[in-house]
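What follows is the content of upload.txt, which has compact mmCIF, C-alpha atoms:
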```
# COMPACT_ATOMS: atom_id res chain seq x y z
CA MET E 1 13.03 -31.96 -16.06
CA GLY E 2 13.80 -35.66 -16.38
CA LYS E 3 10.51 -36.81 -17.89
CA SER E 4 10.06 -37.18 -21.62
CA PHE E 5 7.43 -34.85 -23.04
CA GLU E 6 5.89 -37.79 -24.92
CA ASN E 7 4.79 -39.16 -21.54
CA LEU E 8 3.05 -35.97 -20.44
CA GLU E 9 -0.73 -36.30 -20.57
CA VAL E 10 -1.12 -32.58 -21.33
CA TRP E 11 1.14 -32.98 -24.38
CA LYS E 12 -0.87 -36.00 -25.60
CA LYS E 13 -4.18 -34.20 -25.05
CA SER E 14 -2.99 -31.05 -26.83
CA CYS E 15 -1.75 -33.12 -29.79
CA ARG E 16 -5.17 -34.74 -30.08
CA LEU E 17 -6.75 -31.28 -29.99
CA VAL E 18 -4.59 -30.15 -32.93
CA VAL E 19 -5.74 -33.14 -34.98
CA GLU E 20 -9.39 -32.62 -34.04
CA LEU E 21 -9.25 -28.93 -34.91
CA TYR E 22 -7.51 -29.67 -38.21
CA TYR E 23 -10.30 -32.03 -39.26
CA LEU E 24 -13.02 -29.62 -38.12
CA LEU E 25 -11.50 -26.76 -40.15
CA LYS E 26 -9.99 -28.60 -43.12
CA ASP E 27 -12.81 -27.68 -45.52
CA SER E 28 -13.16 -24.13 -44.28
CA GLU E 29 -12.51 -21.38 -46.80
CA GLU E 30 -11.85 -18.86 -44.00
CA SER E 31 -8.09 -19.07 -44.38
CA SER E 32 -6.91 -16.29 -42.04
CA LEU E 33 -8.73 -17.38 -38.87
CA LYS E 34 -8.18 -21.05 -39.72
CA SER E 35 -4.44 -20.46 -40.07
CA GLN E 36 -4.25 -18.50 -36.81
CA MET E 37 -6.17 -21.17 -34.94
CA LEU E 38 -4.10 -24.04 -36.27
CA ASP E 39 -0.89 -22.15 -35.51
CA ALA E 40 -2.04 -21.50 -31.93
CA ALA E 41 -3.18 -25.09 -31.49
CA MET E 42 0.09 -26.50 -32.83
CA SER E 43 2.18 -24.22 -30.66
CA ILE E 44 0.69 -25.71 -27.48
CA PRO E 45 2.20 -29.23 -27.73
CA ALA E 46 5.26 -27.92 -29.57
CA SER E 47 6.01 -25.46 -26.75
CA ILE E 48 5.47 -28.14 -24.11
CA ALA E 49 7.99 -30.33 -25.92
CA GLU E 50 10.42 -27.44 -26.28
CA GLY E 51 10.17 -26.42 -22.65
CA SER E 52 10.63 -29.95 -21.38
CA GLU E 53 14.11 -29.87 -22.87
CA PHE E 54 15.17 -26.73 -21.00
CA ASP E 55 17.88 -27.16 -18.38
CA SER E 56 15.97 -25.00 -15.92
CA ASN E 57 12.57 -25.70 -14.38
CA ASP E 58 12.13 -21.94 -13.97
CA GLU E 59 12.49 -21.44 -17.73
CA PHE E 60 10.04 -24.27 -18.37
CA LYS E 61 7.54 -22.73 -15.94
CA LYS E 62 7.75 -19.39 -17.76
CA LEU E 63 7.09 -21.11 -21.06
CA LEU E 64 4.14 -23.03 -19.60
CA ASN E 65 2.66 -19.71 -18.51
CA THR E 66 2.97 -18.47 -22.11
CA VAL E 67 1.38 -21.69 -23.37
CA LYS E 68 -1.58 -21.11 -21.04
CA GLY E 69 -1.98 -17.74 -22.74
CA THR E 70 -1.93 -19.42 -26.13
CA ALA E 71 -4.64 -21.84 -24.99
CA ALA E 72 -6.76 -18.86 -23.86
CA LYS E 73 -6.19 -17.17 -27.22
CA LEU E 74 -7.30 -20.31 -29.03
CA ARG E 75 -10.36 -20.61 -26.78
CA THR E 76 -11.29 -17.04 -27.74
CA GLN E 77 -10.91 -17.90 -31.41
CA VAL E 78 -13.19 -20.92 -30.94
CA TYR E 79 -15.83 -18.65 -29.38
CA ILE E 80 -15.53 -16.39 -32.43
CA THR E 81 -16.00 -19.35 -34.80
CA ILE E 82 -19.36 -19.95 -33.12
CA LYS E 83 -20.42 -16.33 -33.57
CA ILE E 84 -19.47 -16.27 -37.26
CA LYS E 85 -20.91 -19.75 -37.80
CA LEU E 86 -17.62 -21.26 -38.91
CA LEU E 87 -18.16 -24.01 -36.33
CA GLY E 88 -21.41 -25.08 -34.78
CA LYS E 89 -21.84 -25.16 -31.02
CA GLU E 90 -21.90 -28.96 -31.10
CA SER E 91 -18.37 -28.96 -32.54
CA ALA E 92 -16.97 -25.96 -30.69
CA THR E 93 -18.21 -26.67 -27.16
CA PRO E 94 -16.06 -29.80 -26.72
CA LEU E 95 -13.05 -27.82 -27.95
CA VAL E 96 -13.66 -25.14 -25.32
CA LYS E 97 -13.99 -27.83 -22.65
CA GLU E 98 -10.73 -29.47 -23.77
CA LEU E 99 -8.88 -26.15 -23.83
CA LYS E 100 -10.04 -25.36 -20.30
CA LEU E 101 -8.79 -28.77 -19.18
CA ILE E 102 -5.48 -28.27 -20.99
CA SER E 103 -5.03 -24.92 -19.24
CA LYS E 104 -5.69 -26.58 -15.89
CA MET E 105 -3.22 -29.36 -16.70
CA LEU E 106 -0.59 -26.80 -17.74
CA GLN E 107 -1.00 -25.04 -14.40
CA GLU E 108 -0.71 -28.34 -12.53
CA LEU E 109 2.44 -29.23 -14.47
CA SER E 110 3.92 -25.83 -13.70
CA ASP E 111 3.06 -26.17 -10.01
CA SER E 112 4.75 -29.60 -9.91
CA LEU E 113 8.10 -28.22 -11.12
```

Can you dump the structure from the file as structure tokens?
Amino acid sequence: MGKSFENLEVWKKSCRLVVELYYLLKDSEESSLKSQMLDAAMSIPASIAEGSEFDSNDEFKKLLNTVKGTAAKLRTQVYITIKIKLLGKESATPLVKELKLISKMLQELSDSL
């Protein structure tokens, strides 16, 4: 790919999302959903980093498509946290907005390869 993943804005944004989500959920006693959400969130920047090291742009594009799916899964989990009152709308709505933007950025990165 030629460009270090640390320079990718989508990687930076997804790392910030992991940190934000961690702090929002750190006091939650709902361990199963919390664990699933943090795993999904962490896999987004980790997979971007992993894929950027592939020798093939086609392989990286396939992984980015999977990462978009992970972002959609996490967005669904955020919607569920609103319904079960684990997160308030004021906390969850910015997460949804960020995840939509991350998905768009992932698609743009894929299209650029």

Given all atoms listed in the file as the counted atoms, nearest of E:Gln77, E:Ser4, E:Leu17, E:Tyr23 to Ile44 (chain E):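 Using all atoms listed in the file, the shortest distance to Ile44 (chain E) belongs to E:Leu17.
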
Residues within 12 Å of (2.4, -27.4, -32.7), counting all atoms listed in the file, listed as number ranges by chain: E: 11-12, 14-19, 21-22, 36-50, 67, 70-71

Test item: residues at most 12 Å from Asp111 (chain E), all atoms listed in the file, excluding those fewer than 6 positions along its chain, as a ChimeraX atom specification: /E:57-58,60-62,64-65,104-105

Residues near region 87-97 of chain E, cut-off 6 Å, all atoms listed in the file, skip fewer than 4 positions along chain, as a ChimeraX atom specification: /E:75,81-82

Between CA of Ser28 (chain E) and CA of Leu86 (chain E) - distance in Å to one decimal: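 Taking CA of Leu86 (chain E) and CA of Ser28 (chain E), their separation equals 7.5 Å.
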